[in-house]
file entry_2.tsv (TSV, C-alpha atoms and all ligand atoms)
chain	number	residue	atom	x	y	z
A	746	MET	CA	-15.51	7.62	24.19
A	747	ARG	CA	-12.23	6.68	22.63
A	748	ILE	CA	-11.91	3.40	20.79
A	749	PRO	CA	-8.58	1.70	21.39
A	750	THR	CA	-6.40	0.81	18.42
A	751	ILE	CA	-4.92	-2.65	18.65
A	752	ASP	CA	-2.30	-3.92	16.25
A	753	ALA	CA	-3.47	-7.13	14.63
A	754	PRO	CA	-1.34	-10.14	15.51
A	755	ASP	CA	0.51	-12.07	12.82
A	756	GLY	CA	-1.83	-14.18	10.75
A	757	VAL	CA	-4.81	-11.87	11.21
A	758	HIS	CA	-5.70	-10.08	8.00
A	759	PRO	CA	-8.55	-7.83	6.91
A	760	ILE	CA	-11.21	-9.50	4.78
A	761	CYS	CA	-12.97	-7.77	1.92
A	762	PRO	CA	-16.72	-7.53	2.71
A	763	HIS	CA	-17.56	-8.14	-0.93
A	764	CYS	CA	-15.49	-11.13	-1.99
A	765	ASP	CA	-14.55	-12.57	1.42
A	766	GLN	CA	-10.93	-12.70	0.33
A	767	ARG	CA	-7.98	-11.37	2.23
A	768	ILE	CA	-7.33	-7.78	1.25
A	769	ALA	CA	-3.92	-8.11	-0.34
A	770	GLY	CA	-3.94	-4.52	-1.46
A	771	ILE	CA	-6.17	-1.54	-1.97
A	772	HIS	CA	-6.35	0.28	-5.25
A	773	ARG	CA	-6.84	4.00	-5.32
A	774	ARG	CA	-8.21	6.02	-8.20
A	775	GLN	CA	-8.68	9.76	-8.29
A	776	LEU	CA	-12.08	11.04	-9.29
A	777	ASP	CA	-12.60	14.48	-10.69
A	778	GLU	CA	-15.46	16.08	-8.80
A	779	GLY	CA	-15.16	19.47	-10.39
A	780	LEU	CA	-14.07	21.74	-7.56
A	781	GLY	CA	-12.43	19.10	-5.46
A	782	LYS	CA	-10.69	15.82	-5.87
A	783	ALA	CA	-12.05	12.63	-4.41
A	784	TYR	CA	-10.40	9.27	-4.17
A	785	VAL	CA	-12.15	5.95	-4.50
A	786	TRP	CA	-10.59	2.97	-2.77
A	787	PHE	CA	-11.30	-0.52	-3.94
A	788	CYS	CA	-10.30	-4.09	-3.33
A	789	ALA	CA	-7.35	-5.23	-5.45
A	790	HIS	CA	-8.99	-8.65	-5.77
A	791	CYS	CA	-12.60	-8.00	-6.78
A	792	HIS	CA	-12.34	-4.28	-7.60
A	793	ARG	CA	-15.44	-3.46	-5.58
A	794	THR	CA	-15.43	-0.13	-3.78
A	795	LEU	CA	-14.44	-0.06	-0.13
A	796	GLY	CA	-14.69	3.65	0.44
A	797	ILE	CA	-14.45	7.14	-0.95
A	798	SER	CA	-12.51	9.98	0.60
A	799	HIS	CA	-11.49	13.52	-0.10
A	800	ARG	CA	-8.03	13.05	1.33
A	801	LYS	CA	-5.04	11.05	0.22
A	802	GLY	CA	-5.15	8.67	3.13
A	803	PHE	CA	-7.61	5.83	3.37
A	804	TRP	CA	-10.61	6.75	5.46
A	805	MET	CA	-13.80	4.78	5.90
A	806	GLY	CA	-17.03	6.71	6.25
B	901	ZN	ZN	-12.80	-7.92	-2.67
call {"tool": "encode", "arguments": {"input": "entry_2.tsv", "output": "structure tokens", "more": "lines below"}}
Ligand SMILES: [Zn+2]
result
Amino acid sequence: MRIPTIDAPDGVHPICPHCDQRIAGIHRRQLDEGLGKAYVWFCAHCHRTLGISHRKGFWMG
């Protein structure tokens, strides 16, 4: 099953699950995992982690 991607209309913004604030920006920091590089993504407002990925683009899960 394919989930459709729908562009959010103006005025609809993502909300951080931790601080319930609009996500104004996402910070990225590179972690050194030894063999590979991982990136941790976190809310620019509360600095709590939103996700970790092994690629340069943001990816949840
Ligand atoms: Zn937050």
call {"tool": "atom_distance", "arguments": {"input": "entry_2.tsv", "atom1": "atom CA of A:Leu795", "atom2": "atom CA of A:Ile751"}}
result
21.2 Å
call {"tool": "residues_around", "arguments": {"input": "entry_2.tsv", "residues": "A:Pro762", "least_positions_apart": "5", "cutoff": "12 Å", "atoms": "only C-alpha atoms", "output": "list in words"}}
result
Arg767, Ile768, Phe787, Cys788, His790, Cys791, His792, Arg793, Thr794, Leu795 and Gly796 of chain A
call {"tool": "atom_distance", "arguments": {"input": "entry_2.tsv", "atom1": "atom CA of A:Cys764", "atom2": "atom ZN of ligand ZN 901 (chain B)"}}
result
4.2 Å
call {"tool": "atom_distance", "arguments": {"input": "entry_2.tsv", "atom1": "atom CA of A:Cys761", "atom2": "atom CA of A:Glu778"}}
result
26.3 Å
call {"tool": "axis_aligned_box", "arguments": {"input": "entry_2.tsv", "around": "stretch 746-755 of chain A", "padding_each_side": "3 Å", "output": "AutoDock Vina command-line options"}}
result
--center_x -7.5 --center_y -2.2 --center_z 18.5 --size_x 22.0 --size_y 25.7 --size_z 17.4
call {"tool": "closest_residue", "arguments": {"input": "entry_2.tsv", "among": "A:Ala753, A:Ile797, A:Ile760, A:Val785", "to": "ligand ZN 901 (chain B)", "atoms": "all atoms listed in the file"}}
result
A:Ile760
call {"tool": "residues_near_point", "arguments": {"input": "entry_2.tsv", "point": "(-9.7, 13.3, -4.2)", "cutoff": "6 Å", "atoms": "all atoms listed in the file", "output": "mmCIF file with C-alpha atoms, in the coordinates of the input"}}
result
data_model
loop_
_atom_site.group_PDB
_atom_site.id
_atom_site.type_symbol
_atom_site.label_atom_id
_atom_site.label_comp_id
_atom_site.auth_asym_id
_atom_site.auth_seq_id
_atom_site.Cartn_x
_atom_site.Cartn_y
_atom_site.Cartn_z
ATOM 1 C CA GLN A 775 -8.680 9.760 -8.290
ATOM 2 C CA LYS A 782 -10.690 15.820 -5.870
ATOM 3 C CA ALA A 783 -12.050 12.630 -4.410
ATOM 4 C CA TYR A 784 -10.400 9.270 -4.170
ATOM 5 C CA HIS A 799 -11.490 13.520 -0.100
ATOM 6 C CA ARG A 800 -8.030 13.050 1.330
#
call {"tool": "closest_residue", "arguments": {"input": "entry_2.tsv", "among": "A:Arg747, A:Ser798, A:Ala789, A:Asp777", "to": "ligand ZN 901 (chain B)", "atoms": "all atoms listed in the file"}}
result
A:Ala789
call {"tool": "closest_residue", "arguments": {"input": "entry_2.tsv", "among": "A:Asp765, A:Ile748, A:Pro759, A:Pro754", "to": "ligand ZN 901 (chain B)", "atoms": "all atoms listed in the file"}}
result
A:Asp765
call {"tool": "closest_residue", "arguments": {"input": "entry_2.tsv", "among": "A:Asp752, A:Gly781, A:His772, A:His763", "to": "ligand ZN 901 (chain B)", "atoms": "all atoms listed in the file"}}
result
A:His763
call {"tool": "build_atoms", "arguments": {"input": "entry_2.tsv", "residues": "stretch 765-799 of chain A", "atoms": "N, CA and C atoms", "output": "JSON list (two decimals), keeping the file's coordinate frame"}}
result
[["chain", "number", "residue", "atom", "x", "y", "z"],
["A", 765, "ASP", "N", -14.99, -11.71, 0.33],
["A", 765, "ASP", "CA", -14.55, -12.57, 1.42],
["A", 765, "ASP", "C", -13.13, -13.08, 1.24],
["A", 766, "GLN", "N", -12.33, -12.35, 0.48],
["A", 766, "GLN", "CA", -10.93, -12.70, 0.33],
["A", 766, "GLN", "C", -10.09, -11.76, 1.19],
["A", 767, "ARG", "N", -8.92, -12.23, 1.55],
["A", 767, "ARG", "CA", -7.98, -11.37, 2.23],
["A", 767, "ARG", "C", -7.70, -10.13, 1.37],
["A", 768, "ILE", "N", -7.68, -8.99, 1.99],
["A", 768, "ILE", "CA", -7.33, -7.78, 1.25],
["A", 768, "ILE", "C", -5.81, -7.73, 1.11],
["A", 769, "ALA", "N", -5.36, -8.09, -0.08],
["A", 769, "ALA", "CA", -3.92, -8.11, -0.34],
["A", 769, "ALA", "C", -3.41, -6.72, -0.66],
["A", 770, "GLY", "N", -4.32, -5.88, -1.13],
["A", 770, "GLY", "CA", -3.94, -4.52, -1.46],
["A", 770, "GLY", "C", -5.18, -3.71, -1.77],
["A", 771, "ILE", "N", -5.05, -2.43, -1.67],
["A", 771, "ILE", "CA", -6.17, -1.54, -1.97],
["A", 771, "ILE", "C", -5.76, -0.64, -3.13],
["A", 772, "HIS", "N", -6.60, -0.61, -4.13],
["A", 772, "HIS", "CA", -6.35, 0.28, -5.25],
["A", 772, "HIS", "C", -6.96, 1.64, -4.96],
["A", 773, "ARG", "N", -6.32, 2.65, -5.48],
["A", 773, "ARG", "CA", -6.84, 4.00, -5.32],
["A", 773, "ARG", "C", -6.95, 4.64, -6.70],
["A", 774, "ARG", "N", -8.06, 5.29, -6.94],
["A", 774, "ARG", "CA", -8.21, 6.02, -8.20],
["A", 774, "ARG", "C", -8.78, 7.40, -7.90],
["A", 775, "GLN", "N", -8.22, 8.40, -8.53],
["A", 775, "GLN", "CA", -8.68, 9.76, -8.29],
["A", 775, "GLN", "C", -9.87, 10.06, -9.17],
["A", 776, "LEU", "N", -10.90, 10.62, -8.55],
["A", 776, "LEU", "CA", -12.08, 11.04, -9.29],
["A", 776, "LEU", "C", -12.08, 12.55, -9.41],
["A", 777, "ASP", "N", -12.52, 13.04, -10.53],
["A", 777, "ASP", "CA", -12.60, 14.48, -10.69],
["A", 777, "ASP", "C", -14.01, 14.92, -10.34],
["A", 778, "GLU", "N", -14.14, 15.63, -9.26],
["A", 778, "GLU", "CA", -15.46, 16.08, -8.80],
["A", 778, "GLU", "C", -15.73, 17.53, -9.16],
["A", 779, "GLY", "N", -14.96, 18.08, -10.05],
["A", 779, "GLY", "CA", -15.16, 19.47, -10.39],
["A", 779, "GLY", "C", -14.29, 20.37, -9.54],
["A", 780, "LEU", "N", -14.84, 20.85, -8.42],
["A", 780, "LEU", "CA", -14.07, 21.74, -7.56],
["A", 780, "LEU", "C", -13.01, 21.01, -6.75],
["A", 781, "GLY", "N", -13.37, 19.83, -6.31],
["A", 781, "GLY", "CA", -12.43, 19.10, -5.46],
["A", 781, "GLY", "C", -12.06, 17.77, -6.06],
["A", 782, "LYS", "N", -11.10, 17.14, -5.44],
["A", 782, "LYS", "CA", -10.69, 15.82, -5.87],
["A", 782, "LYS", "C", -11.17, 14.81, -4.84],
["A", 783, "ALA", "N", -11.67, 13.70, -5.32],
["A", 783, "ALA", "CA", -12.05, 12.63, -4.41],
["A", 783, "ALA", "C", -11.29, 11.38, -4.83],
["A", 784, "TYR", "N", -11.09, 10.51, -3.89],
["A", 784, "TYR", "CA", -10.40, 9.27, -4.17],
["A", 784, "TYR", "C", -11.34, 8.10, -3.86],
["A", 785, "VAL", "N", -11.37, 7.16, -4.75],
["A", 785, "VAL", "CA", -12.15, 5.95, -4.50],
["A", 785, "VAL", "C", -11.16, 4.82, -4.24],
["A", 786, "TRP", "N", -11.46, 4.06, -3.20],
["A", 786, "TRP", "CA", -10.59, 2.97, -2.77],
["A", 786, "TRP", "C", -11.31, 1.67, -3.04],
["A", 787, "PHE", "N", -10.61, 0.74, -3.65],
["A", 787, "PHE", "CA", -11.30, -0.52, -3.94],
["A", 787, "PHE", "C", -10.36, -1.70, -3.81],
["A", 788, "CYS", "N", -11.00, -2.83, -3.56],
["A", 788, "CYS", "CA", -10.30, -4.09, -3.33],
["A", 788, "CYS", "C", -9.47, -4.48, -4.56],
["A", 789, "ALA", "N", -8.23, -4.85, -4.34],
["A", 789, "ALA", "CA", -7.35, -5.23, -5.45],
["A", 789, "ALA", "C", -7.77, -6.59, -6.04],
["A", 790, "HIS", "N", -8.59, -7.32, -5.31],
["A", 790, "HIS", "CA", -8.99, -8.65, -5.77],
["A", 790, "HIS", "C", -10.26, -8.61, -6.61],
["A", 791, "CYS", "N", -11.31, -8.00, -6.08],
["A", 791, "CYS", "CA", -12.60, -8.00, -6.78],
["A", 791, "CYS", "C", -12.95, -6.65, -7.39],
["A", 792, "HIS", "N", -12.16, -5.63, -7.05],
["A", 792, "HIS", "CA", -12.34, -4.28, -7.60],
["A", 792, "HIS", "C", -13.61, -3.60, -7.11],
["A", 793, "ARG", "N", -14.25, -4.12, -6.11],
["A", 793, "ARG", "CA", -15.44, -3.46, -5.58],
["A", 793, "ARG", "C", -15.01, -2.35, -4.61],
["A", 794, "THR", "N", -15.80, -1.32, -4.54],
["A", 794, "THR", "CA", -15.43, -0.13, -3.78],
["A", 794, "THR", "C", -15.52, -0.37, -2.28],
["A", 795, "LEU", "N", -14.47, 0.04, -1.59],
["A", 795, "LEU", "CA", -14.44, -0.06, -0.13],
["A", 795, "LEU", "C", -14.74, 1.28, 0.53],
["A", 796, "GLY", "N", -14.42, 2.36, -0.15],
["A", 796, "GLY", "CA", -14.69, 3.65, 0.44],
["A", 796, "GLY", "C", -14.29, 4.78, -0.49],
["A", 797, "ILE", "N", -14.78, 5.95, -0.18],
["A", 797, "ILE", "CA", -14.45, 7.14, -0.95],
["A", 797, "ILE", "C", -14.01, 8.21, 0.04],
["A", 798, "SER", "N", -12.97, 8.93, -0.30],
["A", 798, "SER", "CA", -12.51, 9.98, 0.60],
["A", 798, "SER", "C", -12.10, 11.20, -0.19],
["A", 799, "HIS", "N", -11.95, 12.28, 0.53],
["A", 799, "HIS", "CA", -11.49, 13.52, -0.10],
["A", 799, "HIS", "C", -10.05, 13.81, 0.33]]
